>>> print(open('start-v7.cif').read())   # mmCIF, C-alpha atoms and all ligand atoms
data_coords
loop_
_atom_site.group_PDB
_atom_site.id
_atom_site.type_symbol
_atom_site.label_atom_id
_atom_site.label_comp_id
_atom_site.auth_asym_id
_atom_site.auth_seq_id
_atom_site.Cartn_x
_atom_site.Cartn_y
_atom_site.Cartn_z
ATOM 1 C CA MET A 1439 81.122 17.931 0.798
ATOM 2 C CA LEU A 1440 78.614 19.383 -1.695
ATOM 3 C CA THR A 1441 76.245 22.118 -0.595
ATOM 4 C CA GLN A 1442 72.555 21.565 -1.267
ATOM 5 C CA GLN A 1443 72.715 24.169 -4.057
ATOM 6 C CA GLN A 1444 75.698 22.447 -5.743
ATOM 7 C CA ALA A 1445 73.939 19.077 -5.530
ATOM 8 C CA THR A 1446 70.805 20.565 -7.116
ATOM 9 C CA GLU A 1447 72.887 22.193 -9.859
ATOM 10 C CA ASN A 1448 74.601 18.865 -10.582
ATOM 11 C CA VAL A 1449 71.239 17.105 -10.895
ATOM 12 C CA LEU A 1450 69.942 19.813 -13.242
ATOM 13 C CA ALA A 1451 73.124 19.633 -15.343
ATOM 14 C CA GLY A 1452 72.652 15.853 -15.582
ATOM 15 C CA ILE A 1453 69.077 16.301 -16.765
ATOM 16 C CA GLN A 1454 70.208 18.863 -19.335
ATOM 17 C CA ILE A 1455 72.874 16.494 -20.702
ATOM 18 C CA LYS A 1456 70.254 13.726 -20.911
ATOM 19 C CA GLU A 1457 67.793 16.064 -22.636
ATOM 20 C CA ARG A 1458 70.484 17.235 -25.064
ATOM 21 C CA SER A 1459 71.366 13.677 -26.011
ATOM 22 C CA LYS A 1460 67.650 13.068 -26.669
ATOM 23 C CA VAL A 1461 67.079 16.059 -28.908
ATOM 24 C CA ASN A 1462 68.604 17.563 -31.995
ATOM 25 C CA LYS A 1463 68.633 14.440 -34.077
ATOM 26 C CA LYS A 1464 68.658 14.997 -37.798
ATOM 27 C CA VAL A 1465 65.416 13.613 -39.190
ATOM 28 C CA LEU A 1466 64.890 13.266 -42.932
ATOM 29 C CA VAL A 1467 61.342 12.584 -44.111
ATOM 30 C CA LEU A 1468 61.019 11.255 -47.663
ATOM 31 C CA SER A 1469 57.487 11.728 -48.961
ATOM 32 C CA SER A 1470 57.069 9.836 -52.225
ATOM 33 C CA SER A 1471 53.402 10.158 -53.114
ATOM 34 C CA PRO A 1472 52.725 12.069 -56.315
ATOM 35 C CA ARG A 1473 49.755 13.605 -54.427
ATOM 36 C CA ARG A 1474 50.936 16.634 -52.473
ATOM 37 C CA GLY A 1475 48.764 16.846 -49.378
ATOM 38 C CA GLY A 1476 47.704 13.248 -49.977
ATOM 39 C CA ASN A 1477 47.333 10.722 -47.195
ATOM 40 C CA SER A 1478 50.966 9.671 -46.809
ATOM 41 C CA ASP A 1479 52.125 13.270 -47.218
ATOM 42 C CA LEU A 1480 49.757 14.336 -44.406
ATOM 43 C CA LEU A 1481 51.157 11.579 -42.190
ATOM 44 C CA CYS A 1482 54.666 12.822 -43.020
ATOM 45 C CA ASP A 1483 53.590 16.293 -41.869
ATOM 46 C CA GLN A 1484 52.237 14.863 -38.633
ATOM 47 C CA PHE A 1485 55.481 12.977 -37.981
ATOM 48 C CA THR A 1486 57.441 16.118 -38.844
ATOM 49 C CA SER A 1487 55.405 18.254 -36.422
ATOM 50 C CA GLY A 1488 55.883 15.755 -33.606
ATOM 51 C CA ALA A 1489 59.621 15.418 -34.212
ATOM 52 C CA LYS A 1490 60.030 19.208 -34.369
ATOM 53 C CA GLU A 1491 57.980 19.602 -31.218
ATOM 54 C CA SER A 1492 60.414 17.371 -29.336
ATOM 55 C CA GLY A 1493 63.348 19.485 -30.482
ATOM 56 C CA ASN A 1494 64.732 17.663 -33.487
ATOM 57 C CA ASN A 1495 66.047 19.070 -36.708
ATOM 58 C CA VAL A 1496 63.585 17.838 -39.334
ATOM 59 C CA GLU A 1497 63.495 18.193 -43.090
ATOM 60 C CA LYS A 1498 60.797 16.794 -45.348
ATOM 61 C CA ILE A 1499 61.532 16.227 -49.002
ATOM 62 C CA PHE A 1500 58.549 15.885 -51.319
ATOM 63 C CA LEU A 1501 60.159 13.689 -53.962
ATOM 64 C CA LYS A 1502 57.980 14.979 -56.783
ATOM 65 C CA ASP A 1503 59.731 18.352 -56.361
ATOM 66 C CA LYS A 1504 63.022 16.680 -57.250
ATOM 67 C CA ARG A 1505 64.301 15.365 -60.527
ATOM 68 C CA ILE A 1506 65.412 11.816 -59.813
ATOM 69 C CA ASN A 1507 66.036 9.634 -62.841
ATOM 70 C CA TYR A 1508 66.031 5.838 -62.879
ATOM 71 C CA CYS A 1509 69.193 3.932 -62.091
ATOM 72 C CA THR A 1510 70.457 2.723 -65.468
ATOM 73 C CA GLY A 1511 72.608 -0.072 -64.059
ATOM 74 C CA CYS A 1512 75.576 1.369 -65.946
ATOM 75 C CA GLY A 1513 78.022 0.067 -63.331
ATOM 76 C CA THR A 1514 79.979 3.315 -63.050
ATOM 77 C CA CYS A 1515 79.514 3.349 -59.263
ATOM 78 C CA ILE A 1516 79.503 -0.372 -58.464
ATOM 79 C CA ASP A 1517 82.108 -1.670 -60.922
ATOM 80 C CA ARG A 1518 84.377 1.325 -61.278
ATOM 81 C CA GLY A 1519 83.903 2.967 -57.859
ATOM 82 C CA LYS A 1520 83.073 6.346 -59.371
ATOM 83 C CA SER A 1521 80.235 8.674 -58.524
ATOM 84 C CA CYS A 1522 76.952 8.362 -60.386
ATOM 85 C CA PRO A 1523 77.246 10.047 -63.800
ATOM 86 C CA GLN A 1524 73.620 11.245 -63.731
ATOM 87 C CA LYS A 1525 73.337 14.965 -63.115
ATOM 88 C CA ASP A 1526 70.025 15.320 -61.333
ATOM 89 C CA ASP A 1527 68.848 15.998 -57.773
ATOM 90 C CA MET A 1528 69.750 12.594 -56.354
ATOM 91 C CA ALA A 1529 73.230 13.622 -55.179
ATOM 92 C CA GLU A 1530 71.668 16.253 -52.923
ATOM 93 C CA VAL A 1531 69.094 13.797 -51.526
ATOM 94 C CA LEU A 1532 71.810 11.196 -50.936
ATOM 95 C CA ASP A 1533 73.932 13.712 -49.022
ATOM 96 C CA LYS A 1534 70.953 14.259 -46.744
ATOM 97 C CA MET A 1535 70.351 10.537 -46.304
ATOM 98 C CA VAL A 1536 73.995 10.005 -45.370
ATOM 99 C CA ALA A 1537 73.902 12.898 -42.875
ATOM 100 C CA ALA A 1538 70.591 11.956 -41.207
ATOM 101 C CA ASP A 1539 70.228 10.104 -37.914
ATOM 102 C CA ILE A 1540 66.674 9.108 -38.717
ATOM 103 C CA ILE A 1541 65.070 8.438 -42.094
ATOM 104 C CA VAL A 1542 61.310 8.271 -42.577
ATOM 105 C CA MET A 1543 60.165 6.652 -45.824
ATOM 106 C CA ALA A 1544 56.548 7.153 -46.829
ATOM 107 C CA THR A 1545 54.744 5.564 -49.757
ATOM 108 C CA PRO A 1546 51.222 5.108 -51.023
ATOM 109 C CA VAL A 1547 50.551 1.442 -51.723
ATOM 110 C CA TYR A 1548 50.197 0.878 -55.460
ATOM 111 C CA PHE A 1549 49.273 -2.659 -56.529
ATOM 112 C CA TYR A 1550 50.416 -3.877 -53.122
ATOM 113 C CA THR A 1551 53.899 -2.537 -53.637
ATOM 114 C CA MET A 1552 55.624 0.779 -53.025
ATOM 115 C CA CYS A 1553 55.109 3.532 -55.581
ATOM 116 C CA ALA A 1554 57.569 4.041 -58.423
ATOM 117 C CA GLN A 1555 58.958 7.298 -57.042
ATOM 118 C CA MET A 1556 60.128 5.603 -53.845
ATOM 119 C CA LYS A 1557 61.576 2.614 -55.678
ATOM 120 C CA THR A 1558 63.414 4.935 -58.050
ATOM 121 C CA LEU A 1559 64.960 6.745 -55.093
ATOM 122 C CA ILE A 1560 66.032 3.484 -53.464
ATOM 123 C CA ASP A 1561 67.665 2.232 -56.653
ATOM 124 C CA ARG A 1562 69.541 5.488 -57.024
ATOM 125 C CA THR A 1563 71.177 5.100 -53.603
ATOM 126 C CA CYS A 1564 73.360 2.534 -55.370
ATOM 127 C CA SER A 1565 76.424 4.770 -55.576
ATOM 128 C CA ARG A 1566 76.496 5.542 -51.842
ATOM 129 C CA TYR A 1567 74.288 3.109 -49.960
ATOM 130 C CA THR A 1568 77.344 1.779 -48.093
ATOM 131 C CA ARG A 1569 77.612 5.241 -46.504
ATOM 132 C CA ILE A 1570 74.014 5.140 -45.216
ATOM 133 C CA THR A 1571 75.040 3.517 -41.955
ATOM 134 C CA ASN A 1572 73.714 3.407 -38.415
ATOM 135 C CA LYS A 1573 70.322 4.963 -39.195
ATOM 136 C CA GLU A 1574 66.969 4.550 -37.554
ATOM 137 C CA PHE A 1575 64.093 3.987 -39.980
ATOM 138 C CA TYR A 1576 60.371 4.648 -39.803
ATOM 139 C CA PHE A 1577 57.981 3.557 -42.543
ATOM 140 C CA ILE A 1578 54.650 5.117 -43.484
ATOM 141 C CA VAL A 1579 52.245 3.316 -45.826
ATOM 142 C CA THR A 1580 48.827 4.439 -47.012
ATOM 143 C CA ALA A 1581 46.251 2.330 -48.812
ATOM 144 C CA ALA A 1582 42.565 1.991 -49.561
ATOM 145 C CA ASP A 1583 42.629 -1.470 -48.032
ATOM 146 C CA SER A 1584 41.870 -1.385 -44.326
ATOM 147 C CA ASN A 1585 43.700 -4.611 -43.542
ATOM 148 C CA ASN A 1586 47.107 -3.777 -42.009
ATOM 149 C CA GLN A 1587 48.320 -7.299 -42.689
ATOM 150 C CA ALA A 1588 47.982 -6.619 -46.422
ATOM 151 C CA MET A 1589 50.690 -3.942 -46.086
ATOM 152 C CA GLU A 1590 53.359 -6.520 -45.252
ATOM 153 C CA ARG A 1591 54.464 -6.999 -48.844
ATOM 154 C CA THR A 1592 55.168 -3.284 -49.195
ATOM 155 C CA LEU A 1593 56.919 -3.142 -45.831
ATOM 156 C CA GLU A 1594 59.071 -6.100 -46.855
ATOM 157 C CA GLU A 1595 60.207 -4.059 -49.851
ATOM 158 C CA PHE A 1596 61.427 -1.334 -47.508
ATOM 159 C CA ARG A 1597 63.136 -4.031 -45.460
ATOM 160 C CA GLY A 1598 64.859 -5.306 -48.586
ATOM 161 C CA PHE A 1599 66.491 -1.892 -48.786
ATOM 162 C CA THR A 1600 67.434 -1.591 -45.107
ATOM 163 C CA TYR A 1601 68.763 -5.181 -45.186
ATOM 164 C CA CYS A 1602 71.494 -3.889 -47.503
ATOM 165 C CA LEU A 1603 72.524 -1.111 -45.104
ATOM 166 C CA GLU A 1604 74.945 -1.362 -42.207
ATOM 167 C CA ASP A 1605 73.341 -1.060 -38.768
ATOM 168 C CA ALA A 1606 69.899 0.022 -39.972
ATOM 169 C CA LYS A 1607 67.281 -0.211 -37.242
ATOM 170 C CA GLU A 1608 63.550 -0.278 -37.964
ATOM 171 C CA LYS A 1609 61.870 1.749 -35.226
ATOM 172 C CA GLY A 1610 58.250 2.019 -36.255
ATOM 173 C CA VAL A 1611 55.518 1.734 -38.878
ATOM 174 C CA ILE A 1612 52.470 3.914 -39.468
ATOM 175 C CA TYR A 1613 49.592 2.134 -41.167
ATOM 176 C CA GLY A 1614 47.514 4.735 -42.974
ATOM 177 C CA THR A 1615 45.016 2.143 -44.103
ATOM 178 C CA GLY A 1616 41.378 2.474 -45.139
ATOM 179 C CA ALA A 1617 42.052 5.723 -46.987
ATOM 180 C CA TRP A 1618 41.414 6.027 -50.706
ATOM 181 C CA GLU A 1619 40.543 9.671 -51.374
ATOM 182 C CA LYS A 1620 43.102 12.408 -50.947
ATOM 183 C CA GLY A 1621 42.869 13.643 -47.350
ATOM 184 C CA GLU A 1622 40.675 10.771 -46.184
ATOM 185 C CA ILE A 1623 43.282 9.940 -43.546
ATOM 186 C CA LYS A 1624 42.312 13.072 -41.594
ATOM 187 C CA GLY A 1625 40.460 12.122 -38.459
ATOM 188 C CA LYS A 1626 41.847 8.591 -38.442
ATOM 189 C CA LEU A 1627 43.985 7.276 -35.604
ATOM 190 C CA ALA A 1628 47.058 7.075 -37.849
ATOM 191 C CA MET A 1629 47.291 10.895 -37.785
ATOM 192 C CA GLU A 1630 47.757 10.948 -34.020
ATOM 193 C CA GLU A 1631 50.023 7.896 -34.162
ATOM 194 C CA ALA A 1632 52.289 9.635 -36.680
ATOM 195 C CA TYR A 1633 52.495 12.733 -34.480
ATOM 196 C CA GLN A 1634 53.260 10.689 -31.368
ATOM 197 C CA LEU A 1635 55.855 8.571 -33.168
ATOM 198 C CA GLY A 1636 57.517 11.781 -34.367
ATOM 199 C CA MET A 1637 57.490 13.111 -30.816
ATOM 200 C CA SER A 1638 59.148 9.942 -29.551
ATOM 201 C CA VAL A 1639 62.174 9.831 -31.845
HETATM 202 C C1 LIG A 1701 47.895 3.332 -59.214
HETATM 203 C C2 LIG A 1701 47.246 3.055 -57.884
HETATM 204 C C3 LIG A 1701 47.310 1.785 -57.357
HETATM 205 C C4 LIG A 1701 46.748 1.524 -56.115
HETATM 206 N N1 LIG A 1701 46.831 0.266 -55.608
HETATM 207 C C5 LIG A 1701 46.316 0.005 -54.399
HETATM 208 C C6 LIG A 1701 46.424 -1.293 -53.843
HETATM 209 O O1 LIG A 1701 47.011 -2.202 -54.410
HETATM 210 N N2 LIG A 1701 45.857 -1.513 -52.624
HETATM 211 C C7 LIG A 1701 45.207 -0.530 -51.936
HETATM 212 O O2 LIG A 1701 44.722 -0.795 -50.848
HETATM 213 N N3 LIG A 1701 45.112 0.730 -52.440
HETATM 214 C C8 LIG A 1701 45.641 1.017 -53.650
HETATM 215 N N4 LIG A 1701 45.565 2.287 -54.173
HETATM 216 C C9 LIG A 1701 44.966 3.360 -53.339
HETATM 217 C C10 LIG A 1701 46.032 4.199 -52.653
HETATM 218 O O3 LIG A 1701 46.953 3.397 -51.980
HETATM 219 C C11 LIG A 1701 45.361 5.153 -51.674
HETATM 220 O O4 LIG A 1701 44.570 6.061 -52.407
HETATM 221 C C12 LIG A 1701 46.349 5.880 -50.814
HETATM 222 O O5 LIG A 1701 45.662 6.559 -49.784
HETATM 223 C C13 LIG A 1701 47.172 6.856 -51.611
HETATM 224 O O6 LIG A 1701 48.055 7.524 -50.739
HETATM 225 P P1 LIG A 1701 48.485 9.041 -51.041
HETATM 226 O O7 LIG A 1701 47.259 9.885 -50.814
HETATM 227 O O8 LIG A 1701 49.565 9.298 -50.060
HETATM 228 O O9 LIG A 1701 48.955 9.108 -52.434
HETATM 229 C C14 LIG A 1701 46.102 2.555 -55.413
HETATM 230 C C15 LIG A 1701 46.033 3.845 -55.968
HETATM 231 C C16 LIG A 1701 46.586 4.090 -57.192
HETATM 232 C C17 LIG A 1701 46.522 5.479 -57.767
#
>>> encode(input="start-v7.cif", output="C-alpha cells", more="lines below")
Ligand SMILES: Cc1cc2nc3c(=O)[nH]c(=O)nc-3n(C[C@H](O)[C@H](O)[C@H](O)COP(=O)(O)O)c2cc1C
Amino acid sequence: MLTQQQATENVLAGIQIKERSKVNKKVLVLSSSPRRGGNSDLLCDQFTSGAKESGNNVEKIFLKDKRINYCTGCGTCIDRGKSCPQKDDMAEVLDKMVAADIIVMATPVYFYTMCAQMKTLIDRTCSRYTRITNKEFYFIVTAADSNNQAMERTLEEFRGFTYCLEDAKEKGVIYGTGAWEKGEIKGKLAMEEAYQLGMSV
C-alpha cells in the first residue's frame, strides 16, 4: 500500500517524465532570406524564441553566412554512392539537418517561388537526403502579397522536398504576408503566431 507521500511523488515523477519527453527537441531553423533582419528572418527569431522558451535546443542558421554552392548534378553521390566532392559549408549544414528533430524552413517569396538560396540548399541535400528521416517540418513564407492562398505555389515547392524524405511530417505554416519593406512584419499577427508555434513544438 502506497503512502500519500509516495503516491504524490509517483505522480510528480510521471509529470516530469512527460515534461522531459516534451522538451529538449533539437530544432534547426534555416533562414534563407538575403536580408538579415528581414521579415522571414524576424519570424525565424520569433519561432526560435518560442521554441527556446519551451525548453528546446534551437539553432538558427542564416544561410547567407554560409558558402553553399549549387549542386552540379555530377552524380558522384547518386550514381557512385560517394560523398559530395564540393568542399563548402553544406556538409556541416547537412549534419545538422540529419541530427535535428524539427526543421524550420523560411523563405521570402520571389516571383511566387522560394528564393534561390533555399532552393540551392535543398538541391545540395542530394548526397544525404535519405538520412533526413522522421523529421517534423515548419514552413515560413513572407511576401508583399497579402493573399495567403497565393503562397501555395511556394509551399508546394517545400512539399516537393519533404515528399522525397522518409517520414517527414508537416506541422505548421507561418504566412508572413502583406509585408514588402524590411521589418514591415513587425506588429503583424504572424509575429505572435511564429512565437506561439515555436512554443508548441
Ligand atoms: C526579387 C524579388 C521578387 C519578389 N517577388 C515577389 C512575389 O512574387 N510576390 C510577392 O508577394 N512579393 C514578392 N517580393 C517581395 C518579398 O517577398 C517581400 O519583400 C518579403 O517580405 C521579403 O522577405 P524578407 O524580408 O524575409 O526577405 C519579391 C521581392 C524581391 C526582392
>>> resolve_selection(input="start-v7.cif", expression="the PyMOL selection byres (((chain A and resi 1552) around 10) and not hetatm)", output="ChimeraX atom specification")
/A:1470-1471,1544-1551,1553-1557,1579-1580,1589,1591-1596
>>> atom_distance(input="start-v7.cif", atom1="atom C4 of ligand LIG 1701 (chain A)", atom2="atom CA of A:Arg1505")
22.8 Å
>>> resolve_selection(input="start-v7.cif", expression="the PyMOL selection byres (((chain A and resi 1473) around 12) and not hetatm)", output="PDB file with C-alpha atoms, keeping the file's coordinate frame")
ATOM      1  CA  SER A1469      57.487  11.728 -48.961  1.00  0.00           C
ATOM      2  CA  SER A1470      57.069   9.836 -52.225  1.00  0.00           C
ATOM      3  CA  SER A1471      53.402  10.158 -53.114  1.00  0.00           C
ATOM      4  CA  PRO A1472      52.725  12.069 -56.315  1.00  0.00           C
ATOM      5  CA  ARG A1474      50.936  16.634 -52.473  1.00  0.00           C
ATOM      6  CA  GLY A1475      48.764  16.846 -49.378  1.00  0.00           C
ATOM      7  CA  GLY A1476      47.704  13.248 -49.977  1.00  0.00           C
ATOM      8  CA  ASN A1477      47.333  10.722 -47.195  1.00  0.00           C
ATOM      9  CA  SER A1478      50.966   9.671 -46.809  1.00  0.00           C
ATOM     10  CA  ASP A1479      52.125  13.270 -47.218  1.00  0.00           C
ATOM     11  CA  LEU A1480      49.757  14.336 -44.406  1.00  0.00           C
ATOM     12  CA  PHE A1500      58.549  15.885 -51.319  1.00  0.00           C
ATOM     13  CA  LEU A1501      60.159  13.689 -53.962  1.00  0.00           C
ATOM     14  CA  LYS A1502      57.980  14.979 -56.783  1.00  0.00           C
ATOM     15  CA  ASP A1503      59.731  18.352 -56.361  1.00  0.00           C
ATOM     16  CA  THR A1545      54.744   5.564 -49.757  1.00  0.00           C
ATOM     17  CA  PRO A1546      51.222   5.108 -51.023  1.00  0.00           C
ATOM     18  CA  CYS A1553      55.109   3.532 -55.581  1.00  0.00           C
ATOM     19  CA  GLN A1555      58.958   7.298 -57.042  1.00  0.00           C
ATOM     20  CA  THR A1580      48.827   4.439 -47.012  1.00  0.00           C
ATOM     21  CA  TRP A1618      41.414   6.027 -50.706  1.00  0.00           C
ATOM     22  CA  GLU A1619      40.543   9.671 -51.374  1.00  0.00           C
ATOM     23  CA  LYS A1620      43.102  12.408 -50.947  1.00  0.00           C
ATOM     24  CA  GLY A1621      42.869  13.643 -47.350  1.00  0.00           C
TER      25      GLY A1621
END
>>> closest_residue(input="start-v7.cif", among="A:Tyr1633, A:Tyr1508, A:Phe1485, A:Tyr1613", to="A:Asp1583", atoms="all atoms listed in the file")
A:Tyr1613
>>> residues_near_point(input="start-v7.cif", point="(74.1, 7.0, -44.1)", cutoff="12 Å", atoms="all atoms listed in the file", output="ChimeraX atom specification")
/A:1464-1466,1531-1541,1563,1565-1575,1600,1602-1606
>>> resolve_selection(input="start-v7.cif", expression="the PyMOL selection byres (((chain A and resi 1490) around 10) and not hetatm)", output="VMD selection string")
chain A and resid 1461 to 1463 1465 1484 to 1489 1491 to 1497 1633 1636 to 1637 1639
>>> atom_distance(input="start-v7.cif", atom1="atom O1 of ligand LIG 1701 (chain A)", atom2="atom CA of A:Ala1588")
9.2 Å
>>> closest_residue(input="start-v7.cif", among="A:Lys1609, A:Gly1614, A:Thr1514, A:Tyr1576", to="A:Met1543", atoms="all atoms listed in the file")
A:Tyr1576
>>> build_atoms(input="start-v7.cif", residues="stretch 1600-1612 of chain A", atoms="N, CA and C atoms", output="mmCIF file, keeping the file's coordinate frame")
data_model
loop_
_atom_site.group_PDB
_atom_site.id
_atom_site.type_symbol
_atom_site.label_atom_id
_atom_site.label_comp_id
_atom_site.auth_asym_id
_atom_site.auth_seq_id
_atom_site.Cartn_x
_atom_site.Cartn_y
_atom_site.Cartn_z
ATOM 1 N N THR A 1600 66.669 -1.776 -46.360
ATOM 2 C CA THR A 1600 67.434 -1.591 -45.107
ATOM 3 C C THR A 1600 68.316 -2.805 -44.806
ATOM 4 N N TYR A 1601 67.947 -3.972 -45.342
ATOM 5 C CA TYR A 1601 68.763 -5.181 -45.186
ATOM 6 C C TYR A 1601 70.159 -4.981 -45.793
ATOM 7 N N CYS A 1602 70.216 -4.131 -46.806
ATOM 8 C CA CYS A 1602 71.494 -3.889 -47.503
ATOM 9 C C CYS A 1602 72.347 -2.836 -46.801
ATOM 10 N N LEU A 1603 71.802 -2.201 -45.774
ATOM 11 C CA LEU A 1603 72.524 -1.111 -45.104
ATOM 12 C C LEU A 1603 73.169 -1.610 -43.818
ATOM 13 N N GLU A 1604 74.266 -0.973 -43.441
ATOM 14 C CA GLU A 1604 74.945 -1.362 -42.207
ATOM 15 C C GLU A 1604 74.236 -0.719 -41.007
ATOM 16 N N ASP A 1605 73.934 -1.539 -40.034
ATOM 17 C CA ASP A 1605 73.341 -1.060 -38.768
ATOM 18 C C ASP A 1605 72.064 -0.234 -38.942
ATOM 19 N N ALA A 1606 71.209 -0.646 -39.837
ATOM 20 C CA ALA A 1606 69.899 0.022 -39.972
ATOM 21 C C ALA A 1606 68.949 -0.582 -38.939
ATOM 22 N N LYS A 1607 68.231 0.286 -38.250
ATOM 23 C CA LYS A 1607 67.281 -0.211 -37.242
ATOM 24 C C LYS A 1607 65.869 0.267 -37.599
ATOM 25 N N GLU A 1608 64.949 -0.670 -37.726
ATOM 26 C CA GLU A 1608 63.550 -0.278 -37.964
ATOM 27 C C GLU A 1608 62.912 0.060 -36.626
ATOM 28 N N LYS A 1609 62.378 1.292 -36.524
ATOM 29 C CA LYS A 1609 61.870 1.749 -35.226
ATOM 30 C C LYS A 1609 60.347 1.859 -35.178
ATOM 31 N N GLY A 1610 59.705 1.904 -36.325
ATOM 32 C CA GLY A 1610 58.250 2.019 -36.255
ATOM 33 C C GLY A 1610 57.596 2.082 -37.621
ATOM 34 N N VAL A 1611 56.312 1.720 -37.636
ATOM 35 C CA VAL A 1611 55.518 1.734 -38.878
ATOM 36 C C VAL A 1611 54.209 2.464 -38.596
ATOM 37 N N ILE A 1612 53.802 3.305 -39.533
ATOM 38 C CA ILE A 1612 52.470 3.914 -39.468
ATOM 39 C C ILE A 1612 51.628 3.308 -40.590
#
